file final-v4.tsv (TSV, C-alpha atoms)
chain	number	residue	atom	x	y	z
A	1	LYS	CA	0.00	0.00	0.00
A	2	ALA	CA	1.44	3.38	-0.98
A	3	GLY	CA	2.19	5.79	1.83
A	4	VAL	CA	1.26	9.43	2.23
A	5	THR	CA	2.55	11.42	-0.73
A	6	GLN	CA	3.34	15.11	-0.51
A	7	THR	CA	4.22	17.30	-3.45
A	8	PRO	CA	6.38	19.12	-4.11
A	9	ARG	CA	9.26	18.08	-1.82
A	10	TYR	CA	10.93	21.48	-2.01
A	11	LEU	CA	9.65	24.96	-2.75
A	12	ILE	CA	11.31	28.34	-2.82
A	13	LYS	CA	9.03	31.38	-2.77
A	14	THR	CA	9.38	35.11	-2.28
A	15	ARG	CA	7.78	37.15	0.47
A	16	GLY	CA	4.27	38.21	-0.45
A	17	GLN	CA	3.63	35.30	-2.80
A	18	GLN	CA	1.23	32.49	-2.13
A	19	VAL	CA	1.82	28.76	-2.23
A	20	THR	CA	-0.23	25.58	-2.46
A	21	LEU	CA	0.96	22.26	-1.07
A	22	SER	CA	-0.59	18.94	-1.93
A	23	CYS	CA	-1.13	15.74	0.04
A	24	SER	CA	-2.42	12.37	-1.13
A	25	PRO	CA	-3.37	10.16	1.83
A	26	ILE	CA	-3.09	6.41	2.13
A	27	SER	CA	-5.86	4.71	0.22
A	28	GLY	CA	-8.92	4.36	2.44
A	29	HIS	CA	-7.87	7.06	4.88
A	30	ARG	CA	-10.44	9.82	5.23
A	31	SER	CA	-8.70	12.10	7.72
A	32	VAL	CA	-5.86	14.40	6.71
A	33	SER	CA	-3.97	16.62	9.14
A	34	TRP	CA	-1.32	19.24	8.50
A	35	TYR	CA	1.59	20.20	10.75
A	36	GLN	CA	4.28	22.85	10.53
A	37	GLN	CA	7.78	21.96	11.75
A	38	THR	CA	10.38	24.63	12.49
A	39	PRO	CA	13.58	24.53	14.58
A	40	GLY	CA	12.23	27.20	16.92
A	41	GLN	CA	8.61	26.20	17.43
A	42	GLY	CA	8.86	22.47	16.77
A	43	LEU	CA	5.83	20.64	15.44
A	44	GLN	CA	2.61	22.61	15.47
A	45	PHE	CA	-0.85	21.51	14.41
A	46	LEU	CA	-2.40	23.47	11.56
A	47	PHE	CA	-5.73	21.76	10.81
A	48	GLU	CA	-7.49	18.47	10.22
A	49	TYR	CA	-9.98	17.53	7.54
A	50	PHE	CA	-12.35	14.60	7.54
A	51	SER	CA	-14.74	13.86	4.73
A	52	GLU	CA	-14.13	17.27	3.15
A	53	THR	CA	-14.93	19.14	6.39
A	54	GLN	CA	-12.48	20.92	8.65
A	55	ARG	CA	-12.77	19.05	11.93
A	56	ASN	CA	-10.11	20.84	13.96
A	57	LYS	CA	-7.99	23.95	13.62
A	58	GLY	CA	-4.78	25.13	15.25
A	59	ASN	CA	-3.71	28.62	16.22
A	60	PHE	CA	-2.46	29.92	12.90
A	61	PRO	CA	-3.48	33.12	11.13
A	62	GLY	CA	-6.09	33.12	8.41
A	63	ARG	CA	-3.35	33.21	5.77
A	64	PHE	CA	-3.15	29.46	6.30
A	65	SER	CA	-6.05	27.58	4.79
A	66	GLY	CA	-6.79	24.12	3.55
A	67	ARG	CA	-9.34	21.97	1.86
A	68	GLN	CA	-10.07	18.34	1.20
A	69	PHE	CA	-11.49	16.82	-1.92
A	70	SER	CA	-13.97	13.98	-2.33
A	71	ASN	CA	-11.11	11.52	-2.96
A	72	SER	CA	-9.60	12.59	0.41
A	73	ARG	CA	-6.67	14.38	-1.20
A	74	SER	CA	-5.91	17.61	0.56
A	75	GLU	CA	-4.27	20.92	-0.21
A	76	MET	CA	-3.08	23.67	2.03
A	77	ASN	CA	-2.57	27.22	0.93
A	78	VAL	CA	-0.50	29.97	2.46
A	79	SER	CA	-1.11	33.48	1.17
A	80	THR	CA	1.05	36.58	1.55
A	81	LEU	CA	4.09	34.56	2.54
A	82	GLU	CA	6.35	35.81	5.32
A	83	LEU	CA	9.93	34.83	6.09
A	84	GLY	CA	8.71	33.06	9.22
A	85	ASP	CA	6.63	30.67	7.13
A	86	SER	CA	9.80	28.87	6.09
A	87	ALA	CA	9.33	25.39	7.49
A	88	LEU	CA	8.80	21.73	6.80
A	89	TYR	CA	5.08	21.15	6.26
A	90	LEU	CA	3.98	17.64	7.12
A	91	CYS	CA	0.77	15.97	6.12
A	92	ALA	CA	-0.60	12.96	7.99
A	93	SER	CA	-3.50	10.68	7.20
A	94	SER	CA	-5.51	8.28	9.29
A	95	LEU	CA	-8.64	6.19	9.01
A	96	GLY	CA	-10.43	8.85	10.99
A	97	GLN	CA	-13.53	6.90	11.90
A	98	GLU	CA	-11.93	5.90	15.16
A	99	LYS	CA	-10.60	9.08	16.61
A	100	ASN	CA	-7.00	8.77	17.76
A	101	SER	CA	-6.34	6.20	15.04
A	102	PRO	CA	-2.61	6.38	14.29
A	103	LEU	CA	-1.35	9.13	12.04
A	104	HIS	CA	0.78	8.18	9.05
A	105	PHE	CA	3.05	11.00	7.95
A	106	GLY	CA	4.38	11.93	4.55
A	107	ASN	CA	7.97	13.08	4.01
A	108	GLY	CA	6.92	16.70	3.97
A	109	THR	CA	7.30	19.75	1.78
A	110	ARG	CA	10.17	22.01	2.70
A	111	LEU	CA	9.18	25.61	2.02
A	112	THR	CA	11.78	28.35	1.93
A	113	VAL	CA	10.62	31.95	1.81
A	114	THR	CA	13.18	34.52	0.70
B	115	ALA	CA	-5.34	21.58	26.69
B	116	GLN	CA	-2.80	18.80	26.46
B	117	SER	CA	0.96	19.21	26.34
B	118	VAL	CA	4.13	17.15	26.75
B	119	THR	CA	7.60	18.03	27.98
B	120	GLN	CA	10.77	16.38	26.74
B	121	LEU	CA	13.94	17.38	28.54
B	122	GLY	CA	17.40	17.45	26.99
B	123	SER	CA	17.29	18.19	23.29
B	124	HIS	CA	20.38	16.08	22.53
B	125	VAL	CA	20.96	12.63	24.01
B	126	SER	CA	24.18	10.69	23.44
B	127	VAL	CA	24.24	6.97	24.06
B	128	SER	CA	26.88	4.32	23.48
B	129	GLU	CA	26.11	1.49	21.12
B	130	GLY	CA	24.73	-1.38	23.18
B	131	ALA	CA	23.73	0.84	26.11
B	132	LEU	CA	20.25	1.61	27.39
B	133	VAL	CA	18.28	4.28	25.58
B	134	LEU	CA	16.03	6.31	27.89
B	135	LEU	CA	14.03	9.28	26.66
B	136	ARG	CA	11.80	11.06	29.13
B	137	CYS	CA	8.35	12.45	28.47
B	138	ASN	CA	5.97	14.04	30.94
B	139	TYR	CA	2.47	14.98	29.94
B	140	SER	CA	-0.16	17.40	31.08
B	141	SER	CA	-3.75	16.64	30.31
B	142	SER	CA	-7.08	17.48	31.84
B	143	VAL	CA	-8.59	14.31	30.43
B	144	PRO	CA	-7.25	10.76	30.14
B	145	PRO	CA	-4.69	11.09	27.39
B	146	TYR	CA	-3.63	9.17	24.36
B	147	LEU	CA	0.17	9.19	24.20
B	148	PHE	CA	2.50	8.50	21.31
B	149	TRP	CA	6.18	8.26	20.46
B	150	TYR	CA	7.29	9.07	16.92
B	151	VAL	CA	10.72	8.87	15.30
B	152	GLN	CA	12.00	11.09	12.50
B	153	TYR	CA	14.99	10.23	10.34
B	154	PRO	CA	16.75	12.95	8.33
B	155	ASN	CA	14.69	14.31	5.45
B	156	GLN	CA	11.75	12.10	6.29
B	157	GLY	CA	8.40	12.37	7.97
B	158	LEU	CA	7.45	10.93	11.33
B	159	GLN	CA	7.04	7.23	11.93
B	160	LEU	CA	4.93	5.88	14.78
B	161	LEU	CA	6.96	3.86	17.31
B	162	LEU	CA	4.18	3.08	19.75
B	163	LYS	CA	1.00	4.45	21.32
B	164	TYR	CA	-0.79	4.26	24.65
B	165	THR	CA	-4.56	4.13	24.61
B	166	SER	CA	-5.22	2.74	28.12
B	167	ALA	CA	-5.32	-0.94	27.15
B	168	ALA	CA	-2.03	-1.66	28.95
B	169	THR	CA	0.42	0.54	30.82
B	170	LEU	CA	3.49	-1.11	29.27
B	171	VAL	CA	3.42	-0.59	25.54
B	172	LYS	CA	5.73	-2.38	23.14
B	173	GLY	CA	6.56	-0.78	19.84
B	174	ILE	CA	8.65	-1.32	16.77
B	175	ASN	CA	12.44	-1.67	16.61
B	176	GLY	CA	12.66	-2.96	20.21
B	177	PHE	CA	11.31	0.19	21.86
B	178	GLU	CA	8.82	0.21	24.69
B	179	ALA	CA	7.23	2.81	26.97
B	180	GLU	CA	5.48	2.69	30.31
B	181	PHE	CA	2.53	4.88	31.22
B	182	LYS	CA	2.68	6.04	34.85
B	183	LYS	CA	-0.32	8.10	35.81
B	184	SER	CA	1.05	8.96	39.26
B	185	GLU	CA	4.13	10.49	37.66
B	186	THR	CA	2.33	11.79	34.52
B	187	SER	CA	5.10	10.16	32.54
B	188	PHE	CA	5.48	8.08	29.40
B	189	HIS	CA	9.22	7.42	29.09
B	190	LEU	CA	10.63	5.57	26.10
B	191	THR	CA	13.29	2.88	26.51
B	192	LYS	CA	15.31	0.42	24.49
B	193	PRO	CA	17.64	-2.00	26.26
B	194	SER	CA	20.46	-1.88	23.73
B	195	ALA	CA	21.11	1.00	21.35
B	196	HIS	CA	21.96	0.34	17.73
B	197	MET	CA	23.60	2.71	15.29
B	198	SER	CA	20.37	2.76	13.29
B	199	ASP	CA	18.58	4.32	16.30
B	200	ALA	CA	20.24	7.66	15.61
B	201	ALA	CA	17.29	9.94	14.84
B	202	GLU	CA	14.99	12.50	16.44
B	203	TYR	CA	12.29	11.23	18.77
B	204	PHE	CA	9.07	13.01	19.60
B	205	CYS	CA	6.56	12.40	22.34
B	206	ALA	CA	3.00	13.51	21.60
B	207	VAL	CA	-0.36	13.66	23.35
B	208	SER	CA	-3.94	14.01	22.23
B	209	GLY	CA	-7.17	14.23	24.09
B	210	ARG	CA	-9.68	11.46	23.66
B	211	GLY	CA	-11.96	12.10	20.76
B	212	ASN	CA	-9.68	14.06	18.48
B	213	ASN	CA	-6.66	13.59	16.24
B	214	ARG	CA	-4.95	16.84	17.18
B	215	LEU	CA	-1.49	15.99	18.47
B	216	ALA	CA	0.59	18.21	20.72
B	217	PHE	CA	4.26	17.35	20.30
B	218	GLY	CA	7.22	17.78	22.58
B	219	LYS	CA	10.34	19.58	21.36
B	220	GLY	CA	12.03	16.30	20.51
B	221	ASN	CA	15.22	14.47	21.47
B	222	GLN	CA	18.04	14.16	18.96
B	223	VAL	CA	19.66	10.81	19.72
B	224	VAL	CA	23.29	10.27	18.81
B	225	VAL	CA	24.69	6.74	19.04
B	226	ILE	CA	28.40	6.53	19.77
B	227	PRO	CA	30.18	3.46	18.41

call {"tool": "encode", "arguments": {"input": "final-v4.tsv", "output": "structure tokens"}}
result
Amino acid sequence: KAGVTQTPRYLIKTRGQQVTLSCSPISGHRSVSWYQQTPGQGLQFLFEYFSETQRNKGNFPGRFSGRQFSNSRSEMNVSTLELGDSALYLCASSLGQEKNSPLHFGNGTRLTVT
Amino acid sequence: AQSVTQLGSHVSVSEGALVLLRCNYSSSVPPYLFWYVQYPNQGLQLLLKYTSAATLVKGINGFEAEFKKSETSFHLTKPSAHMSDAAEYFCAVSGRGNNRLAFGKGNQVVVIP
């Protein structure tokens, strides 16, 4: 069974631009979560989607948004990029029906904002 | 809100020696607890999880953790370190009924030959 796939692996953007990251979950998984990982703040929860609905949201500004499609694939968007948005963005999928079912992480998208 | 504390960002251990990584949690409800490992340029891989079925939890790669409610701890151990154990380890907690994980700052484990 294929794992969680995130594209692209690396991105370089300029301040003020926007970016879209993509995540394809494990087949059959209906929950997709997004996390931001930085050296200073560590791993922080962004949001979770289940069956195309946002089920949980972290403490990030409105510039960070996401969505989930009917095939469970998910995208997250960051608008008006700031230098501090440089991070590794990790997507994780789970079955979702049973809450607290294990999260399976992708290898992440490393975003660099210059 | 749930949170976990991992002390000591870098941990050095000799090959063959005991690996001990400490995690203390704070939760207003009975928690679910997890340990994840991250290798360079990769995502996180689940080592083990505690969901109240048993206080001693065995995971992959010879790791295990013991849930101690009285000490609010969930320390990770492995009897004998291997070179392949060099990685970053994260403890995480979630409240029952949601998938939102709160992670600790992580422990970078270095294995000395």

call {"tool": "closest_residue", "arguments": {"input": "final-v4.tsv", "among": "A:Arg15, A:Arg67, A:Arg73, A:Arg110", "to": "chain B", "atoms": "only C-alpha atoms"}}
result
A:Arg110

call {"tool": "atom_distance", "arguments": {"input": "final-v4.tsv", "atom1": "CA of Phe217 in chain B", "atom2": "CA of Ala2 in chain A"}}
result
25.6 Å

call {"tool": "residues_around", "arguments": {"input": "final-v4.tsv", "residues": "Asn138 in chain B", "least_positions_apart": "6", "cutoff": "9 Å", "atoms": "all atoms listed in the file", "output": "mmCIF file with C-alpha atoms, keeping the file's coordinate frame"}}
result
data_model
loop_
_atom_site.group_PDB
_atom_site.id
_atom_site.type_symbol
_atom_site.label_atom_id
_atom_site.label_comp_id
_atom_site.auth_asym_id
_atom_site.auth_seq_id
_atom_site.Cartn_x
_atom_site.Cartn_y
_atom_site.Cartn_z
ATOM 1 C CA SER B 117 0.960 19.210 26.340
ATOM 2 C CA VAL B 118 4.130 17.150 26.750
ATOM 3 C CA THR B 119 7.600 18.030 27.980
ATOM 4 C CA GLN B 120 10.770 16.380 26.740
ATOM 5 C CA LEU B 121 13.940 17.380 28.540
ATOM 6 C CA GLU B 185 4.130 10.490 37.660
ATOM 7 C CA THR B 186 2.330 11.790 34.520
ATOM 8 C CA SER B 187 5.100 10.160 32.540
ATOM 9 C CA PHE B 188 5.480 8.080 29.400
ATOM 10 C CA HIS B 189 9.220 7.420 29.090
ATOM 11 C CA CYS B 205 6.560 12.400 22.340
#

call {"tool": "closest_residue", "arguments": {"input": "final-v4.tsv", "among": "A:Ser86, A:Ser24, A:Asn107, A:Gln18", "to": "chain B", "atoms": "all atoms listed in the file"}}
result
A:Asn107

call {"tool": "residues_around", "arguments": {"input": "final-v4.tsv", "residues": "Gly130 in chain B", "least_positions_apart": "6", "cutoff": "9 Å", "atoms": "only C-alpha atoms", "output": "VMD selection string"}}
result
chain B and resid 193 to 197 227

call {"tool": "closest_residue", "arguments": {"input": "final-v4.tsv", "among": "B:Gln116, B:Thr165, B:Asn175, B:Gln156", "to": "chain A", "atoms": "all atoms listed in the file"}}
result
B:Gln156

call {"tool": "interface_residues", "arguments": {"input": "final-v4.tsv", "of": "chain B", "to": "chain A", "cutoff": "8 Å", "atoms": "all atoms listed in the file", "output": "list in words"}}
result
Tyr146, Asn155, Gln156, Gly157, Leu158, Gln159, Leu160, Ser208, Arg210, Gly211, Asn212, Asn213, Arg214, Leu215, Ala216, Phe217, Gly218, Lys219 and Gly220 of chain B

call {"tool": "residues_near_point", "arguments": {"input": "final-v4.tsv", "point": "(5.9, 26.4, 11.1)", "cutoff": "6 Å", "atoms": "all atoms listed in the file", "output": "list in words"}}
result
Gln36, Gln37, Thr38, Asp85 and Ala87 of chain A

call {"tool": "residues_around", "arguments": {"input": "final-v4.tsv", "residues": "Val133 in chain B", "least_positions_apart": "2", "cutoff": "10 Å", "atoms": "all atoms listed in the file", "output": "PyMOL selection string"}}
result
chain B and resi 125-131+135+177+190-196+199+223+225

call {"tool": "residues_around", "arguments": {"input": "final-v4.tsv", "residues": "Pro145 in chain B", "least_positions_apart": "2", "cutoff": "9 Å", "atoms": "all atoms listed in the file", "output": "list in words"}}
result
Gln116, Tyr139, Ser140, Ser141, Ser142, Val143, Leu147, Tyr164, Thr165, Ser166, Val207, Ser208, Gly209 and Arg210 of chain B

call {"tool": "residues_around", "arguments": {"input": "final-v4.tsv", "residues": "Ser22 in chain A", "least_positions_apart": "6", "cutoff": "6 Å", "atoms": "only C-alpha atoms", "output": "count of residues only"}}
result
3

call {"tool": "atom_distance", "arguments": {"input": "final-v4.tsv", "atom1": "CA of Ser74 in chain A", "atom2": "CA of His29 in chain A"}}
result
11.6 Å

call {"tool": "closest_residue", "arguments": {"input": "final-v4.tsv", "among": "B:Ile226, B:Pro144, B:Leu134, B:Tyr203", "to": "Leu161 in chain B", "atoms": "only C-alpha atoms"}}
result
B:Tyr203

call {"tool": "closest_residue", "arguments": {"input": "final-v4.tsv", "among": "B:Pro154, B:His124, B:Leu162, B:Gly176", "to": "Val224 in chain B", "atoms": "only C-alpha atoms"}}
result
B:His124

call {"tool": "atom_distance", "arguments": {"input": "final-v4.tsv", "atom1": "CA of Phe64 in chain A", "atom2": "CA of Glu82 in chain A"}}
result
11.5 Å

call {"tool": "axis_aligned_box", "arguments": {"input": "final-v4.tsv", "around": "range 196-200 of chain B", "padding_each_side": "4 Å", "output": "lines of an AutoDock Vina configuration file"}}
result
center_x = 21.1
center_y = 4.0
center_z = 15.5
size_x = 13.0
size_y = 15.3
size_z = 12.4

call {"tool": "decode", "arguments": {"input": "final-v4.tsv", "residues": "chain B", "atoms": "C-alpha atoms", "output": "CSV table (one decimal), in the first residue's frame"}}
result
chain,number,residue,atom,x,y,z
B,115,ALA,CA,-5.3,21.6,26.7
B,116,GLN,CA,-2.8,18.8,26.5
B,117,SER,CA,1.0,19.2,26.3
B,118,VAL,CA,4.1,17.2,26.8
B,119,THR,CA,7.6,18.0,28.0
B,120,GLN,CA,10.8,16.4,26.7
B,121,LEU,CA,13.9,17.4,28.5
B,122,GLY,CA,17.4,17.4,27.0
B,123,SER,CA,17.3,18.2,23.3
B,124,HIS,CA,20.4,16.1,22.5
B,125,VAL,CA,21.0,12.6,24.0
B,126,SER,CA,24.2,10.7,23.4
B,127,VAL,CA,24.2,7.0,24.1
B,128,SER,CA,26.9,4.3,23.5
B,129,GLU,CA,26.1,1.5,21.1
B,130,GLY,CA,24.7,-1.4,23.2
B,131,ALA,CA,23.7,0.8,26.1
B,132,LEU,CA,20.3,1.6,27.4
B,133,VAL,CA,18.3,4.3,25.6
B,134,LEU,CA,16.0,6.3,27.9
B,135,LEU,CA,14.0,9.3,26.7
B,136,ARG,CA,11.8,11.1,29.1
B,137,CYS,CA,8.3,12.4,28.5
B,138,ASN,CA,6.0,14.0,30.9
B,139,TYR,CA,2.5,15.0,29.9
B,140,SER,CA,-0.2,17.4,31.1
B,141,SER,CA,-3.8,16.6,30.3
B,142,SER,CA,-7.1,17.5,31.8
B,143,VAL,CA,-8.6,14.3,30.4
B,144,PRO,CA,-7.2,10.8,30.1
B,145,PRO,CA,-4.7,11.1,27.4
B,146,TYR,CA,-3.6,9.2,24.4
B,147,LEU,CA,0.2,9.2,24.2
B,148,PHE,CA,2.5,8.5,21.3
B,149,TRP,CA,6.2,8.3,20.5
B,150,TYR,CA,7.3,9.1,16.9
B,151,VAL,CA,10.7,8.9,15.3
B,152,GLN,CA,12.0,11.1,12.5
B,153,TYR,CA,15.0,10.2,10.3
B,154,PRO,CA,16.7,13.0,8.3
B,155,ASN,CA,14.7,14.3,5.4
B,156,GLN,CA,11.8,12.1,6.3
B,157,GLY,CA,8.4,12.4,8.0
B,158,LEU,CA,7.5,10.9,11.3
B,159,GLN,CA,7.0,7.2,11.9
B,160,LEU,CA,4.9,5.9,14.8
B,161,LEU,CA,7.0,3.9,17.3
B,162,LEU,CA,4.2,3.1,19.7
B,163,LYS,CA,1.0,4.4,21.3
B,164,TYR,CA,-0.8,4.3,24.6
B,165,THR,CA,-4.6,4.1,24.6
B,166,SER,CA,-5.2,2.7,28.1
B,167,ALA,CA,-5.3,-0.9,27.2
B,168,ALA,CA,-2.0,-1.7,29.0
B,169,THR,CA,0.4,0.5,30.8
B,170,LEU,CA,3.5,-1.1,29.3
B,171,VAL,CA,3.4,-0.6,25.5
B,172,LYS,CA,5.7,-2.4,23.1
B,173,GLY,CA,6.6,-0.8,19.8
B,174,ILE,CA,8.7,-1.3,16.8
B,175,ASN,CA,12.4,-1.7,16.6
B,176,GLY,CA,12.7,-3.0,20.2
B,177,PHE,CA,11.3,0.2,21.9
B,178,GLU,CA,8.8,0.2,24.7
B,179,ALA,CA,7.2,2.8,27.0
B,180,GLU,CA,5.5,2.7,30.3
B,181,PHE,CA,2.5,4.9,31.2
B,182,LYS,CA,2.7,6.0,34.8
B,183,LYS,CA,-0.3,8.1,35.8
B,184,SER,CA,1.0,9.0,39.3
B,185,GLU,CA,4.1,10.5,37.7
B,186,THR,CA,2.3,11.8,34.5
B,187,SER,CA,5.1,10.2,32.5
B,188,PHE,CA,5.5,8.1,29.4
B,189,HIS,CA,9.2,7.4,29.1
B,190,LEU,CA,10.6,5.6,26.1
B,191,THR,CA,13.3,2.9,26.5
B,192,LYS,CA,15.3,0.4,24.5
B,193,PRO,CA,17.6,-2.0,26.3
B,194,SER,CA,20.5,-1.9,23.7
B,195,ALA,CA,21.1,1.0,21.4
B,196,HIS,CA,22.0,0.3,17.7
B,197,MET,CA,23.6,2.7,15.3
B,198,SER,CA,20.4,2.8,13.3
B,199,ASP,CA,18.6,4.3,16.3
B,200,ALA,CA,20.2,7.7,15.6
B,201,ALA,CA,17.3,9.9,14.8
B,202,GLU,CA,15.0,12.5,16.4
B,203,TYR,CA,12.3,11.2,18.8
B,204,PHE,CA,9.1,13.0,19.6
B,205,CYS,CA,6.6,12.4,22.3
B,206,ALA,CA,3.0,13.5,21.6
B,207,VAL,CA,-0.4,13.7,23.3
B,208,SER,CA,-3.9,14.0,22.2
B,209,GLY,CA,-7.2,14.2,24.1
B,210,ARG,CA,-9.7,11.5,23.7
B,211,GLY,CA,-12.0,12.1,20.8
B,212,ASN,CA,-9.7,14.1,18.5
B,213,ASN,CA,-6.7,13.6,16.2
B,214,ARG,CA,-5.0,16.8,17.2
B,215,LEU,CA,-1.5,16.0,18.5
B,216,ALA,CA,0.6,18.2,20.7
B,217,PHE,CA,4.3,17.3,20.3
B,218,GLY,CA,7.2,17.8,22.6
B,219,LYS,CA,10.3,19.6,21.4
B,220,GLY,CA,12.0,16.3,20.5
B,221,ASN,CA,15.2,14.5,21.5
B,222,GLN,CA,18.0,14.2,19.0
B,223,VAL,CA,19.7,10.8,19.7
B,224,VAL,CA,23.3,10.3,18.8
B,225,VAL,CA,24.7,6.7,19.0
B,226,ILE,CA,28.4,6.5,19.8
B,227,PRO,CA,30.2,3.5,18.4
